[in-house]
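Q: File work-v1.cif below, mmCIF, N, CA and C atoms:
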```
data_query
loop_
_atom_site.label_atom_id
_atom_site.label_comp_id
_atom_site.auth_asym_id
_atom_site.auth_seq_id
_atom_site.Cartn_x
_atom_site.Cartn_y
_atom_site.Cartn_z
N MET A 18 131.82 120.01 127.75
CA MET A 18 130.81 119.04 128.06
C MET A 18 129.50 119.73 128.40
N GLU A 19 129.58 120.75 129.20
CA GLU A 19 128.36 121.47 129.57
C GLU A 19 127.79 122.22 128.38
N GLU A 20 128.66 122.69 127.48
CA GLU A 20 128.19 123.41 126.30
C GLU A 20 127.37 122.49 125.40
N ALA A 21 127.79 121.23 125.27
CA ALA A 21 127.06 120.26 124.43
C ALA A 21 125.68 120.01 125.02
N LYS A 22 125.59 119.94 126.34
CA LYS A 22 124.29 119.72 126.98
C LYS A 22 123.39 120.94 126.81
N ILE A 23 123.98 122.12 126.84
CA ILE A 23 123.20 123.36 126.66
C ILE A 23 122.64 123.40 125.23
N ILE A 24 123.49 123.08 124.24
CA ILE A 24 123.04 123.07 122.84
C ILE A 24 121.97 122.00 122.64
N GLU A 25 122.15 120.85 123.26
CA GLU A 25 121.16 119.77 123.15
C GLU A 25 119.83 120.20 123.75
N ASN A 26 119.85 120.85 124.91
CA ASN A 26 118.62 121.32 125.54
C ASN A 26 117.92 122.39 124.70
N ILE A 27 118.72 123.29 124.12
CA ILE A 27 118.13 124.33 123.27
C ILE A 27 117.47 123.71 122.04
N SER A 28 118.16 122.75 121.40
CA SER A 28 117.59 122.12 120.21
C SER A 28 116.34 121.31 120.54
N LYS A 29 116.32 120.64 121.68
CA LYS A 29 115.12 119.90 122.08
C LYS A 29 113.96 120.85 122.32
N ASN A 30 114.23 122.00 122.95
CA ASN A 30 113.17 122.97 123.19
C ASN A 30 112.65 123.56 121.88
N LEU A 31 113.54 123.86 120.94
CA LEU A 31 113.11 124.41 119.66
C LEU A 31 112.28 123.40 118.87
N ILE A 32 112.73 122.16 118.81
CA ILE A 32 111.99 121.14 118.08
C ILE A 32 110.67 120.86 118.77
N GLY A 33 110.68 120.86 120.08
CA GLY A 33 109.44 120.61 120.81
C GLY A 33 108.43 121.72 120.61
N ASN A 34 108.87 122.96 120.66
CA ASN A 34 107.96 124.09 120.54
C ASN A 34 107.60 124.43 119.09
N TYR A 35 108.59 124.33 118.19
CA TYR A 35 108.38 124.77 116.81
C TYR A 35 108.50 123.64 115.78
N GLY A 36 108.70 122.42 116.23
CA GLY A 36 108.86 121.30 115.32
C GLY A 36 107.66 121.04 114.45
N TRP A 37 106.46 121.26 114.99
CA TRP A 37 105.25 121.05 114.20
C TRP A 37 105.20 122.00 113.01
N MET A 38 105.77 123.20 113.16
CA MET A 38 105.78 124.14 112.04
C MET A 38 106.65 123.63 110.90
N PHE A 39 107.79 123.07 111.23
CA PHE A 39 108.67 122.51 110.21
C PHE A 39 108.02 121.33 109.51
N ILE A 40 107.33 120.49 110.27
CA ILE A 40 106.66 119.33 109.67
C ILE A 40 105.54 119.78 108.75
N VAL A 41 104.75 120.76 109.18
CA VAL A 41 103.67 121.28 108.33
C VAL A 41 104.23 121.92 107.06
N ALA A 42 105.31 122.67 107.19
CA ALA A 42 105.92 123.31 106.02
C ALA A 42 106.45 122.25 105.05
N PHE A 43 107.07 121.22 105.56
CA PHE A 43 107.59 120.14 104.72
C PHE A 43 106.47 119.42 103.98
N VAL A 44 105.41 119.08 104.69
CA VAL A 44 104.27 118.40 104.06
C VAL A 44 103.60 119.33 103.05
N GLY A 45 103.49 120.60 103.36
CA GLY A 45 102.89 121.56 102.43
C GLY A 45 103.68 121.68 101.13
N LEU A 46 105.00 121.70 101.24
CA LEU A 46 105.82 121.75 100.04
C LEU A 46 105.72 120.47 99.22
N MET A 47 105.60 119.34 99.91
CA MET A 47 105.48 118.07 99.19
C MET A 47 104.18 117.99 98.39
N PHE A 48 103.10 118.50 98.93
CA PHE A 48 101.80 118.36 98.29
C PHE A 48 101.39 119.60 97.48
N LYS A 49 102.31 120.55 97.33
CA LYS A 49 102.00 121.75 96.54
C LYS A 49 101.67 121.38 95.10
N ASP A 50 102.50 120.54 94.48
CA ASP A 50 102.25 120.12 93.10
C ASP A 50 100.99 119.27 93.00
N PHE A 51 100.76 118.45 94.00
CA PHE A 51 99.55 117.62 94.01
C PHE A 51 98.30 118.49 94.01
N VAL A 52 98.27 119.48 94.86
CA VAL A 52 97.11 120.38 94.95
C VAL A 52 96.96 121.18 93.66
N ASN A 53 98.07 121.64 93.09
CA ASN A 53 98.03 122.38 91.83
C ASN A 53 97.45 121.51 90.72
N ASN A 54 97.88 120.25 90.61
CA ASN A 54 97.37 119.35 89.59
C ASN A 54 95.88 119.08 89.77
N VAL A 55 95.43 118.96 91.00
CA VAL A 55 94.01 118.71 91.25
C VAL A 55 93.18 119.91 90.78
N PHE A 56 93.60 121.12 91.11
CA PHE A 56 92.84 122.29 90.70
C PHE A 56 92.88 122.49 89.20
N GLN A 57 94.02 122.22 88.56
CA GLN A 57 94.08 122.31 87.10
C GLN A 57 93.17 121.28 86.45
N GLY A 58 93.13 120.08 87.00
CA GLY A 58 92.26 119.03 86.46
C GLY A 58 90.79 119.38 86.60
N ILE A 59 90.43 119.92 87.75
CA ILE A 59 89.03 120.33 87.95
C ILE A 59 88.66 121.45 86.99
N ALA A 60 89.58 122.39 86.78
CA ALA A 60 89.30 123.50 85.85
C ALA A 60 89.12 123.00 84.43
N VAL A 61 89.92 122.03 84.00
CA VAL A 61 89.79 121.49 82.65
C VAL A 61 88.50 120.68 82.52
N MET A 62 88.19 119.88 83.54
CA MET A 62 87.00 119.03 83.47
C MET A 62 85.72 119.86 83.50
N LEU A 63 85.67 120.90 84.32
CA LEU A 63 84.46 121.70 84.43
C LEU A 63 84.35 122.74 83.33
N GLY A 64 85.48 123.13 82.75
CA GLY A 64 85.46 124.11 81.66
C GLY A 64 84.93 123.50 80.38
N ASN A 65 84.63 124.35 79.42
CA ASN A 65 84.06 123.89 78.16
C ASN A 65 85.04 124.09 77.01
N ASP A 66 86.30 124.41 77.32
CA ASP A 66 87.27 124.64 76.26
C ASP A 66 87.69 123.35 75.58
N ILE A 67 87.90 122.31 76.35
CA ILE A 67 88.33 121.02 75.81
C ILE A 67 87.33 119.97 76.27
N ASN A 68 86.66 119.35 75.30
CA ASN A 68 85.68 118.31 75.60
C ASN A 68 86.08 117.02 74.88
N GLN A 69 85.54 115.92 75.34
CA GLN A 69 85.83 114.64 74.71
C GLN A 69 85.33 114.65 73.28
N ASP A 70 86.10 114.07 72.36
CA ASP A 70 85.83 113.95 70.92
C ASP A 70 85.94 115.26 70.17
N ASP A 71 86.49 116.32 70.78
CA ASP A 71 86.77 117.56 70.05
C ASP A 71 87.94 117.32 69.10
N VAL A 72 87.88 117.94 67.93
CA VAL A 72 89.00 117.92 67.00
C VAL A 72 89.76 119.23 67.20
N LEU A 73 91.01 119.11 67.59
CA LEU A 73 91.85 120.26 67.90
C LEU A 73 93.11 120.22 67.05
N TYR A 74 93.80 121.33 67.03
CA TYR A 74 95.10 121.40 66.38
C TYR A 74 96.11 121.81 67.44
N ILE A 75 97.05 120.90 67.73
CA ILE A 75 98.09 121.15 68.72
C ILE A 75 99.38 121.43 67.96
N SER A 76 99.83 122.67 68.01
CA SER A 76 101.01 123.11 67.26
C SER A 76 100.90 122.75 65.78
N GLY A 77 99.72 122.90 65.23
CA GLY A 77 99.50 122.64 63.81
C GLY A 77 99.17 121.20 63.47
N ARG A 78 99.23 120.29 64.41
CA ARG A 78 98.93 118.87 64.16
C ARG A 78 97.51 118.58 64.59
N GLN A 79 96.76 117.92 63.70
CA GLN A 79 95.37 117.60 64.02
C GLN A 79 95.32 116.49 65.05
N SER A 80 94.43 116.65 66.02
CA SER A 80 94.28 115.64 67.07
C SER A 80 92.82 115.60 67.52
N ARG A 81 92.47 114.51 68.19
CA ARG A 81 91.13 114.35 68.74
C ARG A 81 91.28 114.06 70.23
N VAL A 82 90.42 114.66 71.02
CA VAL A 82 90.46 114.46 72.47
C VAL A 82 89.81 113.11 72.77
N VAL A 83 90.58 112.22 73.35
CA VAL A 83 90.08 110.88 73.69
C VAL A 83 89.46 110.89 75.07
N ARG A 84 90.18 111.46 76.04
CA ARG A 84 89.69 111.45 77.43
C ARG A 84 90.21 112.68 78.16
N VAL A 85 89.32 113.28 78.93
CA VAL A 85 89.71 114.38 79.81
C VAL A 85 89.53 113.88 81.24
N GLY A 86 90.65 113.76 81.94
CA GLY A 86 90.60 113.24 83.30
C GLY A 86 91.01 114.29 84.31
N LEU A 87 91.03 113.88 85.56
CA LEU A 87 91.41 114.79 86.64
C LEU A 87 92.90 115.11 86.60
N TRP A 88 93.73 114.15 86.18
CA TRP A 88 95.17 114.33 86.19
C TRP A 88 95.75 114.61 84.82
N LYS A 89 95.14 114.04 83.77
CA LYS A 89 95.74 114.15 82.44
C LYS A 89 94.65 114.16 81.37
N THR A 90 95.03 114.65 80.19
CA THR A 90 94.17 114.65 79.02
C THR A 90 94.87 113.84 77.95
N ILE A 91 94.13 112.97 77.28
CA ILE A 91 94.71 112.09 76.27
C ILE A 91 94.20 112.52 74.90
N PHE A 92 95.14 112.73 73.97
CA PHE A 92 94.84 113.12 72.61
C PHE A 92 95.23 111.99 71.66
N TYR A 93 94.46 111.82 70.58
CA TYR A 93 94.84 110.91 69.50
C TYR A 93 95.35 111.78 68.36
N MET A 94 96.63 111.63 68.03
CA MET A 94 97.25 112.43 66.98
C MET A 94 96.97 111.74 65.64
N THR A 95 96.14 112.36 64.81
CA THR A 95 95.67 111.71 63.59
C THR A 95 96.75 111.58 62.52
N ASP A 96 97.76 112.44 62.52
CA ASP A 96 98.76 112.36 61.46
C ASP A 96 99.68 111.15 61.62
N ARG A 97 99.95 110.73 62.83
CA ARG A 97 100.83 109.59 63.06
C ARG A 97 100.11 108.38 63.63
N GLY A 98 98.86 108.56 64.02
CA GLY A 98 98.12 107.45 64.61
C GLY A 98 98.60 107.09 66.00
N THR A 99 99.09 108.07 66.74
CA THR A 99 99.60 107.83 68.09
C THR A 99 98.77 108.58 69.11
N LYS A 100 98.96 108.22 70.37
CA LYS A 100 98.27 108.97 71.42
C LYS A 100 99.29 109.80 72.18
N MET A 101 98.84 110.97 72.63
CA MET A 101 99.69 111.87 73.40
C MET A 101 99.02 112.13 74.73
N ILE A 102 99.72 111.88 75.81
CA ILE A 102 99.21 112.07 77.16
C ILE A 102 99.83 113.34 77.72
N VAL A 103 98.97 114.28 78.12
CA VAL A 103 99.46 115.56 78.63
C VAL A 103 98.87 115.78 80.02
N PRO A 104 99.72 116.00 81.04
CA PRO A 104 99.19 116.36 82.36
C PRO A 104 98.42 117.69 82.25
N ASN A 105 97.33 117.80 82.97
CA ASN A 105 96.47 118.98 82.85
C ASN A 105 97.16 120.28 83.21
N ASP A 106 98.15 120.24 84.09
CA ASP A 106 98.84 121.48 84.42
C ASP A 106 99.80 121.91 83.32
N ARG A 107 100.08 121.07 82.33
CA ARG A 107 100.96 121.41 81.21
C ARG A 107 100.17 121.86 79.98
N LEU A 108 98.85 121.78 80.00
CA LEU A 108 98.04 122.18 78.84
C LEU A 108 98.21 123.66 78.52
N LYS A 109 98.46 124.47 79.53
CA LYS A 109 98.61 125.91 79.30
C LYS A 109 99.86 126.24 78.49
N HIS A 110 100.80 125.31 78.39
CA HIS A 110 102.03 125.55 77.63
C HIS A 110 101.91 125.13 76.17
N LEU A 111 100.81 124.46 75.80
CA LEU A 111 100.62 124.01 74.43
C LEU A 111 99.91 125.08 73.61
N VAL A 112 100.18 125.09 72.31
CA VAL A 112 99.45 125.96 71.38
C VAL A 112 98.31 125.12 70.84
N ILE A 113 97.08 125.39 71.32
CA ILE A 113 95.91 124.59 70.95
C ILE A 113 94.95 125.47 70.16
N GLU A 114 94.53 124.98 69.00
CA GLU A 114 93.56 125.68 68.16
C GLU A 114 92.33 124.79 68.02
N LYS A 115 91.20 125.44 67.94
CA LYS A 115 89.94 124.71 67.78
C LYS A 115 89.12 125.44 66.71
N THR A 116 88.67 124.72 65.69
CA THR A 116 87.87 125.36 64.65
C THR A 116 86.49 125.67 65.20
N LEU A 117 85.96 126.79 64.80
CA LEU A 117 84.65 127.22 65.26
C LEU A 117 83.61 126.89 64.21
N PRO A 118 82.41 126.49 64.62
CA PRO A 118 81.37 126.20 63.65
C PRO A 118 80.90 127.48 62.96
N LYS A 119 80.60 127.36 61.66
CA LYS A 119 80.13 128.51 60.89
C LYS A 119 78.65 128.74 61.18
N ASN A 120 78.31 129.95 61.57
CA ASN A 120 76.93 130.35 61.84
C ASN A 120 76.26 129.48 62.91
N GLY A 121 77.03 129.02 63.85
CA GLY A 121 76.47 128.25 64.95
C GLY A 121 76.20 126.80 64.63
N GLY A 122 76.43 126.36 63.40
CA GLY A 122 76.21 124.97 63.01
C GLY A 122 77.46 124.16 63.19
N GLY A 123 77.34 122.89 63.02
CA GLY A 123 78.50 122.02 63.15
C GLY A 123 78.74 121.27 61.87
N GLY A 124 79.54 120.24 61.96
CA GLY A 124 79.75 119.38 60.81
C GLY A 124 80.73 119.96 59.81
N LYS A 125 80.46 119.69 58.51
CA LYS A 125 81.39 120.08 57.46
C LYS A 125 81.35 121.57 57.17
N GLY A 126 80.38 122.29 57.65
CA GLY A 126 80.26 123.71 57.35
C GLY A 126 81.09 124.59 58.27
N ASN A 127 82.06 124.02 58.96
CA ASN A 127 82.83 124.83 59.90
C ASN A 127 84.11 125.38 59.30
N LYS A 128 84.27 125.31 57.99
CA LYS A 128 85.44 125.90 57.35
C LYS A 128 85.20 127.39 57.17
N VAL A 129 86.28 128.15 57.15
CA VAL A 129 86.16 129.59 57.04
C VAL A 129 85.67 129.97 55.65
N ASN A 130 86.32 129.47 54.61
CA ASN A 130 85.91 129.74 53.23
C ASN A 130 85.78 128.40 52.50
N PRO A 131 84.66 127.70 52.65
CA PRO A 131 84.55 126.40 51.98
C PRO A 131 84.51 126.57 50.47
N LYS A 132 85.21 125.69 49.76
CA LYS A 132 85.25 125.74 48.30
C LYS A 132 84.85 124.37 47.77
N LYS A 133 84.27 124.40 46.59
CA LYS A 133 83.84 123.17 45.93
C LYS A 133 84.66 123.04 44.65
N LYS A 134 85.18 121.84 44.40
CA LYS A 134 85.95 121.61 43.18
C LYS A 134 85.02 121.07 42.10
N ILE A 135 85.06 121.73 40.95
CA ILE A 135 84.21 121.34 39.83
C ILE A 135 85.12 121.03 38.65
N TYR A 136 84.86 119.91 38.00
CA TYR A 136 85.64 119.53 36.83
C TYR A 136 84.96 120.11 35.59
N ASP A 137 85.69 120.96 34.83
CA ASP A 137 85.08 121.62 33.68
C ASP A 137 85.44 120.93 32.37
N GLY A 138 85.90 119.72 32.43
CA GLY A 138 86.25 118.98 31.22
C GLY A 138 87.74 118.91 31.00
N GLN A 139 88.47 119.89 31.48
CA GLN A 139 89.93 119.90 31.30
C GLN A 139 90.68 119.93 32.62
N LYS A 140 90.13 120.62 33.57
CA LYS A 140 90.80 120.75 34.87
C LYS A 140 89.76 120.99 35.96
N PHE A 141 90.21 120.89 37.22
CA PHE A 141 89.34 121.17 38.35
C PHE A 141 89.41 122.67 38.65
N VAL A 142 88.25 123.26 38.86
CA VAL A 142 88.14 124.68 39.19
C VAL A 142 87.51 124.80 40.57
N GLU A 143 88.12 125.60 41.46
CA GLU A 143 87.55 125.81 42.77
C GLU A 143 86.53 126.94 42.73
N GLU A 144 85.43 126.71 43.39
CA GLU A 144 84.34 127.68 43.40
C GLU A 144 83.84 127.83 44.81
N ASN A 145 83.55 129.07 45.23
CA ASN A 145 83.02 129.29 46.57
C ASN A 145 81.62 128.68 46.68
N VAL A 146 81.35 128.13 47.84
CA VAL A 146 80.04 127.51 48.09
C VAL A 146 79.06 128.57 48.55
#
```
Take the structure I supplied and represent it as structure tokens, if you would.
A:
Amino acid sequence: MEEAKIIENISKNLIGNYGWMFIVAFVGLMFKDFVNNVFQGIAVMLGNDINQDDVLYISGRQSRVVRVGLWKTIFYMTDRGTKMIVPNDRLKHLVIEKTLPKNGGGGKGNKVNPKKKIYDGQKFVEENV
């Protein structure tokens, strides 16, 4: 009987003196992912790697960036006509390619080796531009 009271007194003293540490640790672990997502979202929004209306290739599939938000980025997948929602902390796991403009220009001149098809009367012949 006395041993139970001794254990109870010890546990009350420990919780009273060190209980706030356990509560802070628990809350910190709960919000670790939240804080990570916020910082990843800020990095994506402030960075210039992914901007709204960019045409990107995600694992070889052409897509357009619809919206870049604090929590997620939304892509329109042009091959299937669907949208793909990716949390910003998962963007680092995707293989994302972006075509670069040729000579600093934009538009149709951003191909690496643009070719023009010319019909010579019998067949189409590709010619460098």
Q: What gap, in Å, lies between CA of Asp70 (chain A) and CA of Val103 (chain A)?
A: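 Answer for the CA of Asp70 (chain A) to CA of Val103 (chain A) separation: 15.7 Å.
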Q: What do you get, as an MDAnalysis selection string, if you spell out every residue that the PyMOL selection byres (((chain A and resi 67 and name CA) around 10) and name CA) selects here?
A: chainID A and resid 61:66 68:73 82 84:85 90 113 115
Q: Please report the interatomic distance between atom N of His110 (chain A) and atom N of Asp50 (chain A) in Å with one decimal.
A: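 Spanning atom N of His110 (chain A) to atom N of Asp50 (chain A) is a straight-line distance of 16.9 Å.
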Q: Could you list, as a short mmCIF file (atom, residue, chain, number, x, y, z; two decimals) with N, CA and C atoms, in the frame of the given file, every residue matched by the PyMOL selection byres ((chain A and resi 91) around 8) in this structure?
A:
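The resulting expr07.cif:
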```cif
data_model
loop_
_atom_site.label_atom_id
_atom_site.label_comp_id
_atom_site.auth_asym_id
_atom_site.auth_seq_id
_atom_site.Cartn_x
_atom_site.Cartn_y
_atom_site.Cartn_z
N ARG A 81 92.47 114.51 68.19
CA ARG A 81 91.13 114.35 68.74
C ARG A 81 91.28 114.06 70.23
N VAL A 82 90.42 114.66 71.02
CA VAL A 82 90.46 114.46 72.47
C VAL A 82 89.81 113.11 72.77
N VAL A 83 90.58 112.22 73.35
CA VAL A 83 90.08 110.88 73.69
C VAL A 83 89.46 110.89 75.07
N ARG A 84 90.18 111.46 76.04
CA ARG A 84 89.69 111.45 77.43
C ARG A 84 90.21 112.68 78.16
N VAL A 85 89.32 113.28 78.93
CA VAL A 85 89.71 114.38 79.81
C VAL A 85 89.53 113.88 81.24
N GLY A 86 90.65 113.76 81.94
CA GLY A 86 90.60 113.24 83.30
C GLY A 86 91.01 114.29 84.31
N TRP A 88 93.73 114.15 86.18
CA TRP A 88 95.17 114.33 86.19
C TRP A 88 95.75 114.61 84.82
N LYS A 89 95.14 114.04 83.77
CA LYS A 89 95.74 114.15 82.44
C LYS A 89 94.65 114.16 81.37
N THR A 90 95.03 114.65 80.19
CA THR A 90 94.17 114.65 79.02
C THR A 90 94.87 113.84 77.95
N PHE A 92 95.14 112.73 73.97
CA PHE A 92 94.84 113.12 72.61
C PHE A 92 95.23 111.99 71.66
N TYR A 93 94.46 111.82 70.58
CA TYR A 93 94.84 110.91 69.50
C TYR A 93 95.35 111.78 68.36
N MET A 94 96.63 111.63 68.03
CA MET A 94 97.25 112.43 66.98
C MET A 94 96.97 111.74 65.64
N LYS A 100 98.96 108.22 70.37
CA LYS A 100 98.27 108.97 71.42
C LYS A 100 99.29 109.80 72.18
N MET A 101 98.84 110.97 72.63
CA MET A 101 99.69 111.87 73.40
C MET A 101 99.02 112.13 74.73
N ILE A 102 99.72 111.88 75.81
CA ILE A 102 99.21 112.07 77.16
C ILE A 102 99.83 113.34 77.72
N VAL A 103 98.97 114.28 78.12
CA VAL A 103 99.46 115.56 78.63
C VAL A 103 98.87 115.78 80.02
N PRO A 104 99.72 116.00 81.04
CA PRO A 104 99.19 116.36 82.36
C PRO A 104 98.42 117.69 82.25
#
```
Q: Kindly resolve the PyMOL selection byres ((chain A and resi 76) around 7) on the present coordinates and return the residues as a JSON list (two decimals) with N, CA and C atoms, in the coordinates of the input.
A:
```json
[["chain", "number", "residue", "atom", "x", "y", "z"],
["A", 74, "TYR", "N", 93.80, 121.33, 67.03],
["A", 74, "TYR", "CA", 95.10, 121.40, 66.38],
["A", 74, "TYR", "C", 96.11, 121.81, 67.44],
["A", 75, "ILE", "N", 97.05, 120.90, 67.73],
["A", 75, "ILE", "CA", 98.09, 121.15, 68.72],
["A", 75, "ILE", "C", 99.38, 121.43, 67.96],
["A", 77, "GLY", "N", 99.72, 122.90, 65.23],
["A", 77, "GLY", "CA", 99.50, 122.64, 63.81],
["A", 77, "GLY", "C", 99.17, 121.20, 63.47],
["A", 78, "ARG", "N", 99.23, 120.29, 64.41],
["A", 78, "ARG", "CA", 98.93, 118.87, 64.16],
["A", 78, "ARG", "C", 97.51, 118.58, 64.59],
["A", 79, "GLN", "N", 96.76, 117.92, 63.70],
["A", 79, "GLN", "CA", 95.37, 117.60, 64.02],
["A", 79, "GLN", "C", 95.32, 116.49, 65.05],
["A", 111, "LEU", "N", 100.81, 124.46, 75.80],
["A", 111, "LEU", "CA", 100.62, 124.01, 74.43],
["A", 111, "LEU", "C", 99.91, 125.08, 73.61],
["A", 112, "VAL", "N", 100.18, 125.09, 72.31],
["A", 112, "VAL", "CA", 99.45, 125.96, 71.38],
["A", 112, "VAL", "C", 98.31, 125.12, 70.84],
["A", 113, "ILE", "N", 97.08, 125.39, 71.32],
["A", 113, "ILE", "CA", 95.91, 124.59, 70.95],
["A", 113, "ILE", "C", 94.95, 125.47, 70.16],
["A", 114, "GLU", "N", 94.53, 124.98, 69.00],
["A", 114, "GLU", "CA", 93.56, 125.68, 68.16],
["A", 114, "GLU", "C", 92.33, 124.79, 68.02]]
```
Q: List every residue of region 49-105 of chain A that DSSP, applied to the backbone of this structure, assigns to strand (DSSP E), and report them as a PyMOL selection string.
A: chain A and resi 72-75+78-85+89-94+99-104
Q: What is the CA of Val41 (chain A)-CA of Asn26 (chain A) distance in Å, reported with one decimal?
A: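 Those two atoms sit 22.8 Å apart.
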Q: Taking the DSSP secondary structure from the backbone, can you list the residues of region 55-128 of chain A that are alpha helix (DSSP H), as a ChimeraX atom specification?
A: /A:55-63
